[in-house]
>>> print(open('run.csv').read())   # CSV, C-alpha atoms
chain,number,residue,atom,x,y,z
I,1,MET,CA,52.5,111.3,172.8
I,2,ASN,CA,53.2,109.4,176.0
I,3,SER,CA,56.8,108.9,177.3
I,4,ARG,CA,58.3,105.4,177.5
I,5,LYS,CA,57.8,105.5,181.2
I,6,GLU,CA,54.1,106.3,180.7
I,7,GLN,CA,53.7,103.6,178.1
I,8,LEU,CA,55.2,101.0,180.4
I,9,ALA,CA,53.0,102.1,183.3
I,10,ALA,CA,49.9,101.8,181.0
I,11,PHE,CA,50.9,98.3,180.0
I,12,ASN,CA,51.5,97.4,183.7
I,13,ARG,CA,48.0,98.7,184.5
I,14,LEU,CA,46.6,96.3,181.9
I,15,LEU,CA,48.5,93.4,183.3
I,16,ASP,CA,47.1,94.2,186.8
I,17,ILE,CA,43.6,94.4,185.5
I,18,MET,CA,44.0,91.1,183.7
I,19,ASP,CA,45.1,89.5,187.0
I,20,ASP,CA,42.0,90.9,188.7
I,21,LEU,CA,39.6,89.7,186.0
I,22,ARG,CA,41.1,86.3,185.9
I,23,GLU,CA,40.6,86.0,189.6
I,24,LYS,CA,37.3,87.7,190.2
I,25,CYS,CA,35.2,87.7,186.9
I,26,PRO,CA,33.1,84.6,186.3
I,27,TRP,CA,33.3,85.0,182.5
I,28,ASP,CA,37.1,85.7,182.4
I,29,LYS,CA,37.8,82.9,184.8
I,30,LYS,CA,36.3,80.2,182.5
I,31,GLN,CA,38.1,81.3,179.3
I,32,THR,CA,40.6,79.0,177.7
I,33,LEU,CA,43.1,79.3,174.8
I,34,GLU,CA,40.5,77.5,172.6
I,35,SER,CA,37.5,79.5,173.7
I,36,LEU,CA,39.3,82.8,173.0
I,37,ARG,CA,40.5,81.7,169.5
I,38,HIS,CA,37.4,82.6,167.5
I,39,LEU,CA,37.1,85.9,169.4
I,40,THR,CA,40.6,86.8,168.5
I,41,ILE,CA,40.0,86.2,164.8
I,42,GLU,CA,36.9,88.4,165.0
I,43,GLU,CA,38.9,91.2,166.7
I,44,THR,CA,41.6,90.9,164.1
I,45,TYR,CA,39.1,91.4,161.3
I,46,GLU,CA,37.6,94.4,163.1
I,47,LEU,CA,41.0,95.9,163.3
I,48,ALA,CA,41.5,95.2,159.6
I,49,ASP,CA,38.2,97.0,158.8
I,50,ALA,CA,39.2,100.0,160.8
I,51,ILE,CA,42.6,100.2,159.0
I,52,LEU,CA,40.8,100.1,155.6
I,53,ASP,CA,38.4,102.9,156.8
I,54,ASN,CA,41.5,104.9,157.9
I,55,ASP,CA,39.6,105.5,161.2
I,56,LEU,CA,42.5,106.2,163.6
I,57,GLN,CA,40.3,106.3,166.7
I,58,GLU,CA,38.7,103.0,165.8
I,59,ILE,CA,42.2,101.6,165.1
I,60,LYS,CA,43.3,102.6,168.6
I,61,LYS,CA,40.2,100.9,170.1
I,62,GLU,CA,40.6,97.7,168.1
I,63,LEU,CA,44.4,97.5,168.8
I,64,GLY,CA,43.4,97.6,172.5
I,65,ASP,CA,41.1,94.7,171.9
I,66,VAL,CA,43.8,92.7,170.2
I,67,LEU,CA,46.3,93.6,172.9
I,68,LEU,CA,43.9,92.4,175.6
I,69,HIS,CA,43.8,89.0,173.8
I,70,ILE,CA,47.6,88.8,173.8
I,71,VAL,CA,47.7,89.6,177.5
I,72,PHE,CA,44.9,87.1,178.1
I,73,TYR,CA,46.7,84.2,176.3
I,74,ALA,CA,49.9,85.0,178.2
I,75,LYS,CA,48.0,85.0,181.5
I,76,ILE,CA,46.6,81.6,180.7
I,77,GLY,CA,50.1,80.4,179.7
I,78,SER,CA,51.5,81.5,183.0
I,79,GLU,CA,48.8,79.6,184.9
I,80,LYS,CA,49.9,76.5,183.0
I,81,ASN,CA,53.5,77.2,184.0
I,82,SER,CA,54.4,77.3,180.3
I,83,PHE,CA,55.1,81.0,179.5
I,84,ASP,CA,54.2,84.5,180.5
I,85,ILE,CA,54.1,87.9,178.8
I,86,ALA,CA,57.8,88.5,179.4
I,87,ASP,CA,58.5,85.2,177.6
I,88,VAL,CA,56.3,86.3,174.7
I,89,ALA,CA,58.0,89.7,174.4
I,90,ASN,CA,61.5,88.2,174.8
I,91,THR,CA,60.8,85.5,172.2
I,92,ILE,CA,59.7,87.9,169.5
I,93,SER,CA,62.6,90.3,170.4
I,94,ASP,CA,65.1,87.5,170.0
I,95,LYS,CA,63.6,86.5,166.7
I,96,LEU,CA,63.6,90.1,165.4
I,97,ILE,CA,67.3,90.5,166.3
I,98,HIS,CA,68.2,87.2,164.7
I,99,ARG,CA,66.1,87.9,161.5
I,100,HIS,CA,67.7,91.4,161.1
I,101,PRO,CA,71.4,90.8,160.8
I,102,HIS,CA,71.6,93.9,158.6
I,103,ILE,CA,70.7,95.9,161.8
I,104,TYR,CA,72.2,93.8,164.6
I,105,GLY,CA,75.0,92.1,162.7
I,106,ASP,CA,77.4,92.7,159.8
I,107,VAL,CA,75.1,91.6,156.8
I,108,LYS,CA,74.8,94.3,154.1
I,109,VAL,CA,71.6,94.9,152.2
I,110,ASP,CA,70.7,97.3,149.4
I,111,ASN,CA,66.9,97.3,149.5
I,112,GLU,CA,63.7,95.7,150.8
I,113,GLU,CA,64.0,92.7,148.5
I,114,ASP,CA,67.4,91.8,149.9
I,115,VAL,CA,65.8,91.9,153.4
I,116,LYS,CA,63.0,89.5,152.3
I,117,LYS,CA,65.5,87.1,150.7
I,118,ASN,CA,67.7,87.0,153.9
I,119,TRP,CA,64.6,86.5,156.0
I,120,GLU,CA,63.6,83.3,154.1
I,121,LYS,CA,67.1,82.0,154.1
I,122,LEU,CA,67.4,82.4,157.8
I,123,LYS,CA,64.1,80.6,158.3
I,124,LEU,CA,65.4,77.6,156.3
I,125,LYS,CA,68.6,77.6,158.4
I,126,GLU,CA,66.5,77.5,161.5
I,127,GLY,CA,65.1,74.1,160.5
I,128,ASN,CA,62.2,74.8,158.3
I,129,THR,CA,62.1,72.2,155.5
I,130,SER,CA,60.1,74.5,153.1
I,131,VAL,CA,59.7,78.2,152.7
I,132,LEU,CA,55.9,77.6,152.6
I,133,GLU,CA,55.8,76.1,156.2
I,134,GLY,CA,55.1,79.6,157.6
I,135,VAL,CA,51.8,80.0,155.6
I,136,PRO,CA,49.0,79.1,158.0
I,137,LYS,CA,46.6,76.5,156.6
I,138,SER,CA,43.5,78.3,157.9
I,139,LEU,CA,44.2,81.6,156.1
I,140,PRO,CA,41.5,82.7,153.7
I,141,ALA,CA,42.4,81.5,150.2
I,142,LEU,CA,43.0,84.9,148.7
I,143,VAL,CA,45.4,85.9,151.5
I,144,LYS,CA,47.0,82.5,151.4
I,145,ALA,CA,47.7,82.8,147.7
I,146,SER,CA,49.3,86.2,148.2
I,147,ARG,CA,51.5,84.9,151.1
I,148,ILE,CA,52.6,81.8,149.0
I,149,GLN,CA,53.7,84.0,146.2
I,150,GLU,CA,55.6,86.4,148.5
I,151,LYS,CA,57.3,83.4,150.2
I,152,VAL,CA,58.6,81.7,147.0
I,153,ALA,CA,59.6,85.1,145.5
I,154,GLY,CA,61.8,85.5,148.6
I,155,VAL,CA,64.0,82.7,147.4
I,156,GLY,CA,64.1,83.8,143.8
I,157,PHE,CA,61.2,81.8,142.3
I,158,ASP,CA,59.5,84.8,140.6
I,159,TRP,CA,58.9,86.6,137.4
I,160,GLU,CA,61.2,89.4,136.4
I,161,LYS,CA,58.7,92.0,135.0
I,162,PRO,CA,55.0,92.9,135.5
I,163,GLU,CA,54.5,92.4,131.7
I,164,GLN,CA,55.4,88.8,132.0
I,165,VAL,CA,52.8,88.3,134.8
I,166,TRP,CA,50.1,90.1,132.8
I,167,GLU,CA,50.8,87.8,129.9
I,168,LYS,CA,50.3,84.8,132.3
I,169,VAL,CA,47.0,86.3,133.3
I,170,GLN,CA,45.9,86.5,129.7
I,171,GLU,CA,47.1,83.0,129.1
I,172,GLU,CA,45.0,81.7,132.0
I,173,LEU,CA,42.0,83.6,130.8
I,174,GLU,CA,42.2,82.0,127.4
I,175,GLU,CA,42.5,78.6,129.0
I,176,LEU,CA,39.4,79.3,131.1
I,177,ASN,CA,37.5,80.4,128.0
I,178,GLU,CA,38.4,77.1,126.3
I,179,GLU,CA,37.1,75.1,129.3
I,180,LEU,CA,33.9,77.2,129.3
I,181,LYS,CA,33.4,76.2,125.7
I,182,ALA,CA,34.0,72.6,126.5
I,183,GLY,CA,31.6,72.8,129.5
I,184,ASN,CA,33.6,70.6,131.9
I,185,LYS,CA,32.7,72.0,135.3
I,186,GLU,CA,35.7,70.5,137.2
I,187,ASN,CA,38.2,72.0,134.7
I,188,ILE,CA,36.4,75.3,134.7
I,189,GLU,CA,36.8,75.5,138.4
I,190,LYS,CA,40.5,74.7,138.1
I,191,GLU,CA,41.1,77.3,135.4
I,192,PHE,CA,39.2,79.9,137.3
I,193,GLY,CA,41.4,79.2,140.3
I,194,ASP,CA,44.5,79.7,138.0
I,195,VAL,CA,43.1,83.0,136.8
I,196,LEU,CA,42.6,84.2,140.4
I,197,PHE,CA,46.1,83.0,141.4
I,198,SER,CA,47.7,84.8,138.5
I,199,MET,CA,45.7,88.0,139.2
I,200,ILE,CA,46.9,88.0,142.8
I,201,ASN,CA,50.4,87.6,141.6
I,202,TYR,CA,50.0,90.5,139.2
I,203,ALA,CA,48.7,92.6,142.1
I,204,ARG,CA,52.0,92.1,143.9
I,205,PHE,CA,53.9,93.3,140.8
I,206,ILE,CA,51.9,96.5,140.6
I,207,ASP,CA,52.2,97.1,144.3
I,208,VAL,CA,48.5,96.4,145.1
I,209,ASN,CA,47.4,94.4,148.1
I,210,PRO,CA,44.7,92.1,146.6
I,211,GLU,CA,42.9,91.5,149.9
I,212,ASN,CA,42.6,95.3,150.6
I,213,ALA,CA,41.6,96.0,147.0
I,214,LEU,CA,38.8,93.5,147.0
I,215,GLU,CA,37.5,94.5,150.4
I,216,LYS,CA,37.5,98.2,149.3
I,217,THR,CA,35.4,97.1,146.3
I,218,ASN,CA,33.1,95.1,148.6
I,219,LYS,CA,32.6,98.2,150.8
I,220,LYS,CA,32.0,100.4,147.8
I,221,PHE,CA,29.4,97.9,146.4
I,222,ILE,CA,27.6,97.7,149.7
I,223,ASN,CA,27.4,101.5,150.0
I,224,ARG,CA,26.1,101.9,146.5
I,225,PHE,CA,23.5,99.1,146.8
I,226,GLN,CA,22.3,100.4,150.2
I,227,PHE,CA,22.0,103.9,148.6
I,228,LEU,CA,19.9,102.2,145.8
I,229,GLU,CA,17.7,100.5,148.4
I,230,LYS,CA,17.0,103.7,150.3
I,231,ALA,CA,16.4,105.7,147.2
I,232,VAL,CA,13.9,103.1,145.9
I,233,LYS,CA,12.1,103.0,149.3
I,234,ASP,CA,12.0,106.8,149.4
I,235,ALA,CA,10.4,106.8,146.0
I,236,GLY,CA,7.7,104.5,147.3
I,237,LYS,CA,8.7,101.6,145.0
I,238,ASP,CA,9.3,97.9,145.6
I,239,LEU,CA,12.8,96.8,144.7
I,240,ALA,CA,11.7,93.2,144.0
I,241,GLU,CA,9.2,94.5,141.4
I,242,MET,CA,11.6,96.8,139.5
I,243,SER,CA,13.4,95.9,136.3
I,244,LEU,CA,17.1,95.9,136.1
I,245,THR,CA,16.9,99.0,133.9
I,246,GLU,CA,14.9,100.8,136.5
I,247,MET,CA,17.4,99.8,139.2
I,248,ASP,CA,20.3,101.0,137.1
I,249,ILE,CA,19.0,104.6,137.2
I,250,TYR,CA,19.5,104.6,141.0
I,251,TRP,CA,22.8,102.7,140.7
I,252,GLU,CA,24.3,105.3,138.5
I,253,LYS,CA,23.2,108.0,141.0
I,254,SER,CA,25.0,106.1,143.8
I,255,LYS,CA,28.3,106.3,141.9
I,256,LYS,CA,28.3,110.1,142.5
I,257,TYR,CA,28.5,109.5,146.2
I,258,PHE,CA,30.6,106.4,146.5
I,259,LYS,CA,33.6,106.2,144.2
>>> encode(input="run.csv", output="structure tokens")
Amino acid sequence: MNSRKEQLAAFNRLLDIMDDLREKCPWDKKQTLESLRHLTIEETYELADAILDNDLQEIKKELGDVLLHIVFYAKIGSEKNSFDIADVANTISDKLIHRHPHIYGDVKVDNEEDVKKNWEKLKLKEGNTSVLEGVPKSLPALVKASRIQEKVAGVGFDWEKPEQVWEKVQEELEELNEELKAGNKENIEKEFGDVLFSMINYARFIDVNPENALEKTNKKFINRFQFLEKAVKDAGKDLAEMSLTEMDIYWEKSKKYFK
């Protein structure tokens, strides 16, 4: 691994390159905070994919792309005489020191849960009127639900045991079933949302990241279905003309390769 001196030199090299690109490259010169936003989101999801695939080389590459965006935003900030990369680094450093009084102060903690509770209390002292203020409105609904539950749990609004949460899941399923029988679409949607919310909460109690779990299932399904498509094509058949029973033969074969 590189020494701290080498790491700083590499970061300085990136800053120099960013200066050059902003001055000389037509594409880089025209970028704004707003124009980079959707690209940053895309890069973040690509990093997330690499993490789920446990592809360390790809993670390294995608981290570089994300780091470039951070440097890019800071460069634009400096051009506006608002902030630069040093301000960005110092701001997060100051926040980390303030939010970790058990490391940089005299606060005592016994476990991870104590750290989370202290974190939320400090944020309220900083002027936040709600523990939910830090949950971005634009987060995907599944991730947002998870963050909401983590936030309120940080101030003690939580179940005590996983069994209680599972009972809540079953209760919500029963309520959904009742609405399905009644046939009221609006209520069905509401109850389905409650089922999802309670399942996400249960995931937290059994130490499962619901976003990661669902995405892994997505990837598994894609791999299995693409295996099915290829196997059908290799057999000289037309997928659209096959029965579900015929498809299921290939689907079962795919499970041997993608578990």
>>> residues_around(input="run.csv", residues="I:Tyr250", least_positions_apart="4", cutoff="8 Å", atoms="only C-alpha atoms", output="PDB file with C-alpha atoms, in the frame of the given file")
ATOM      1  CA  LEU I 228      19.900 102.200 145.800  1.00  0.00           C
ATOM      2  CA  ALA I 231      16.400 105.700 147.200  1.00  0.00           C
ATOM      3  CA  VAL I 232      13.900 103.100 145.900  1.00  0.00           C
ATOM      4  CA  GLU I 246      14.900 100.800 136.500  1.00  0.00           C
ATOM      5  CA  SER I 254      25.000 106.100 143.800  1.00  0.00           C
TER       6      SER I 254
END
>>> atom_distance(input="run.csv", atom1="atom CA of I:Phe157", atom2="atom CA of I:Lys117")
10.8 Å
>>> residues_around(input="run.csv", residues="I:Glu167", least_positions_apart="6", cutoff="10 Å", atoms="only C-alpha atoms", output="ChimeraX atom specification")
/I:173,198,202
>>> atom_distance(input="run.csv", atom1="atom CA of I:Ser35", atom2="atom CA of I:Arg13")
24.4 Å
>>> residues_around(input="run.csv", residues="I:Ile148", least_positions_apart="2", cutoff="10 Å", atoms="all atoms listed in the file", output="number ranges by chain")
I: 131-135, 143-146, 150-154, 201
>>> residues_near_point(input="run.csv", point="(51.5, 95.2, 180.4)", cutoff="12 Å", atoms="only C-alpha atoms", output="PyMOL selection string")
chain I and resi 6-19+64+67-72+74-75+84-86+88-89
>>> atom_distance(input="run.csv", atom1="atom CA of I:Asp20", atom2="atom CA of I:Thr32")
16.3 Å
>>> closest_residue(input="run.csv", among="I:Asn54, I:Thr44, I:Ser78, I:Asn187", to="I:Glu175", atoms="all atoms listed in the file")
I:Asn187
>>> residues_around(input="run.csv", residues="stretch 95-105 of chain I", least_positions_apart="2", cutoff="8 Å", atoms="all atoms listed in the file", output="compact mmCIF listing (two decimals) with C-alpha atoms, in the coordinates of the input")
# COMPACT_ATOMS: atom_id res chain seq x y z
CA THR I 91 60.80 85.50 172.20
CA ILE I 92 59.70 87.90 169.50
CA SER I 93 62.60 90.30 170.40
CA VAL I 107 75.10 91.60 156.80
CA LYS I 108 74.80 94.30 154.10
CA VAL I 109 71.60 94.90 152.20
CA VAL I 115 65.80 91.90 153.40
CA ASN I 118 67.70 87.00 153.90
CA TRP I 119 64.60 86.50 156.00
CA LEU I 122 67.40 82.40 157.80
>>> residues_around(input="run.csv", residues="I:Gln226", least_positions_apart="4", cutoff="12 Å", atoms="only C-alpha atoms", output="PyMOL selection string")
chain I and resi 219-222+230-233+239+250-251+253-255+257-258
>>> closest_residue(input="run.csv", among="I:Glu215, I:Asp158, I:Glu189, I:Asp94", to="I:Asp49", atoms="all atoms listed in the file")
I:Glu215
>>> residues_near_point(input="run.csv", point="(43.5, 93.9, 146.6)", cutoff="10 Å", atoms="only C-alpha atoms", output="MDAnalysis selection string")
chainID I and resid 142:143 146 199:200 203:204 207:217
>>> write_last_selection(input="run.csv", atoms="C-alpha atoms", output="short mmCIF file (atom, residue, chain, number, x, y, z; two decimals), in the frame of the given file")
data_model
loop_
_atom_site.label_atom_id
_atom_site.label_comp_id
_atom_site.auth_asym_id
_atom_site.auth_seq_id
_atom_site.Cartn_x
_atom_site.Cartn_y
_atom_site.Cartn_z
CA LEU I 142 43.00 84.90 148.70
CA VAL I 143 45.40 85.90 151.50
CA SER I 146 49.30 86.20 148.20
CA MET I 199 45.70 88.00 139.20
CA ILE I 200 46.90 88.00 142.80
CA ALA I 203 48.70 92.60 142.10
CA ARG I 204 52.00 92.10 143.90
CA ASP I 207 52.20 97.10 144.30
CA VAL I 208 48.50 96.40 145.10
CA ASN I 209 47.40 94.40 148.10
CA PRO I 210 44.70 92.10 146.60
CA GLU I 211 42.90 91.50 149.90
CA ASN I 212 42.60 95.30 150.60
CA ALA I 213 41.60 96.00 147.00
CA LEU I 214 38.80 93.50 147.00
CA GLU I 215 37.50 94.50 150.40
CA LYS I 216 37.50 98.20 149.30
CA THR I 217 35.40 97.10 146.30
#
>>> decode(input="run.csv", residues="stretch 147-158 of chain I", atoms="all heavy atoms", output="tab-separated table (two decimals), in the first residue's frame")
chain	number	residue	atom	x	y	z
I	147	ARG	N	-33.76	4.27	6.12
I	147	ARG	CA	-33.11	5.38	6.82
I	147	ARG	C	-34.06	6.00	7.85
I	147	ARG	O	-33.64	6.38	8.94
I	147	ARG	CB	-32.66	6.45	5.82
I	147	ARG	CG	-31.54	6.01	4.92
I	147	ARG	CD	-30.26	5.71	5.71
I	147	ARG	NE	-29.70	6.93	6.27
I	147	ARG	CZ	-29.17	6.99	7.49
I	147	ARG	NH1	-29.18	5.93	8.28
I	147	ARG	NH2	-28.65	8.12	7.93
I	148	ILE	N	-35.35	6.12	7.52
I	148	ILE	CA	-36.33	6.66	8.46
I	148	ILE	C	-36.35	5.81	9.73
I	148	ILE	O	-36.31	6.33	10.85
I	148	ILE	CB	-37.73	6.68	7.82
I	148	ILE	CG1	-37.82	7.79	6.76
I	148	ILE	CG2	-38.82	6.88	8.88
I	148	ILE	CD1	-39.08	7.74	5.92
I	149	GLN	N	-36.38	4.50	9.55
I	149	GLN	CA	-36.45	3.60	10.69
I	149	GLN	C	-35.18	3.65	11.53
I	149	GLN	O	-35.22	3.60	12.76
I	149	GLN	CB	-36.74	2.18	10.20
I	149	GLN	CG	-38.14	2.04	9.62
I	149	GLN	CD	-38.31	0.80	8.78
I	149	GLN	OE1	-37.42	-0.04	8.69
I	149	GLN	NE2	-39.47	0.67	8.15
I	150	GLU	N	-34.03	3.76	10.87
I	150	GLU	CA	-32.77	3.87	11.60
I	150	GLU	C	-32.73	5.16	12.41
I	150	GLU	O	-32.25	5.19	13.54
I	150	GLU	CB	-31.60	3.85	10.62
I	150	GLU	CG	-31.35	2.49	9.98
I	150	GLU	CD	-30.28	2.55	8.91
I	150	GLU	OE1	-29.76	3.65	8.65
I	150	GLU	OE2	-29.97	1.49	8.32
I	151	LYS	N	-33.23	6.25	11.80
I	151	LYS	CA	-33.20	7.56	12.46
I	151	LYS	C	-34.05	7.57	13.73
I	151	LYS	O	-33.61	8.02	14.78
I	151	LYS	CB	-33.70	8.64	11.50
I	151	LYS	CG	-32.78	8.92	10.32
I	151	LYS	CD	-31.61	9.76	10.75
I	151	LYS	CE	-30.79	10.20	9.54
I	151	LYS	NZ	-29.63	11.01	9.96
I	152	VAL	N	-35.29	7.10	13.62
I	152	VAL	CA	-36.17	7.14	14.79
I	152	VAL	C	-35.72	6.14	15.86
I	152	VAL	O	-35.90	6.38	17.06
I	152	VAL	CB	-37.65	6.90	14.40
I	152	VAL	CG1	-38.12	7.99	13.45
I	152	VAL	CG2	-37.86	5.52	13.79
I	153	ALA	N	-35.11	5.05	15.43
I	153	ALA	CA	-34.58	4.09	16.40
I	153	ALA	C	-33.45	4.72	17.20
I	153	ALA	O	-33.23	4.38	18.38
I	153	ALA	CB	-34.08	2.84	15.68
I	154	GLY	N	-32.73	5.66	16.56
I	154	GLY	CA	-31.61	6.32	17.22
I	154	GLY	C	-32.02	7.15	18.42
I	154	GLY	O	-31.18	7.45	19.28
I	155	VAL	N	-33.31	7.52	18.49
I	155	VAL	CA	-33.79	8.28	19.66
I	155	VAL	C	-34.74	7.43	20.50
I	155	VAL	O	-35.50	7.95	21.33
I	155	VAL	CB	-34.49	9.59	19.22
I	155	VAL	CG1	-33.47	10.55	18.63
I	155	VAL	CG2	-35.62	9.33	18.23
I	156	GLY	N	-34.71	6.12	20.28
I	156	GLY	CA	-35.44	5.21	21.15
I	156	GLY	C	-36.82	4.79	20.69
I	156	GLY	O	-37.50	4.02	21.37
I	157	PHE	N	-37.28	5.30	19.51
I	157	PHE	CA	-38.60	4.91	19.01
I	157	PHE	C	-38.43	3.63	18.20
I	157	PHE	O	-38.24	3.66	16.99
I	157	PHE	CB	-39.18	6.03	18.14
I	157	PHE	CG	-40.62	5.82	17.75
I	157	PHE	CD1	-41.63	6.06	18.66
I	157	PHE	CD2	-40.96	5.38	16.49
I	157	PHE	CE1	-42.97	5.87	18.32
I	157	PHE	CE2	-42.29	5.18	16.12
I	157	PHE	CZ	-43.29	5.42	17.05
I	158	ASP	N	-38.54	2.50	18.90
I	158	ASP	CA	-38.20	1.23	18.25
I	158	ASP	C	-38.81	0.06	19.00
I	158	ASP	O	-39.20	0.17	20.17
I	158	ASP	CB	-36.67	1.08	18.21
I	158	ASP	CG	-36.19	0.17	17.10
I	158	ASP	OD1	-37.02	-0.27	16.29
I	158	ASP	OD2	-34.98	-0.10	17.04
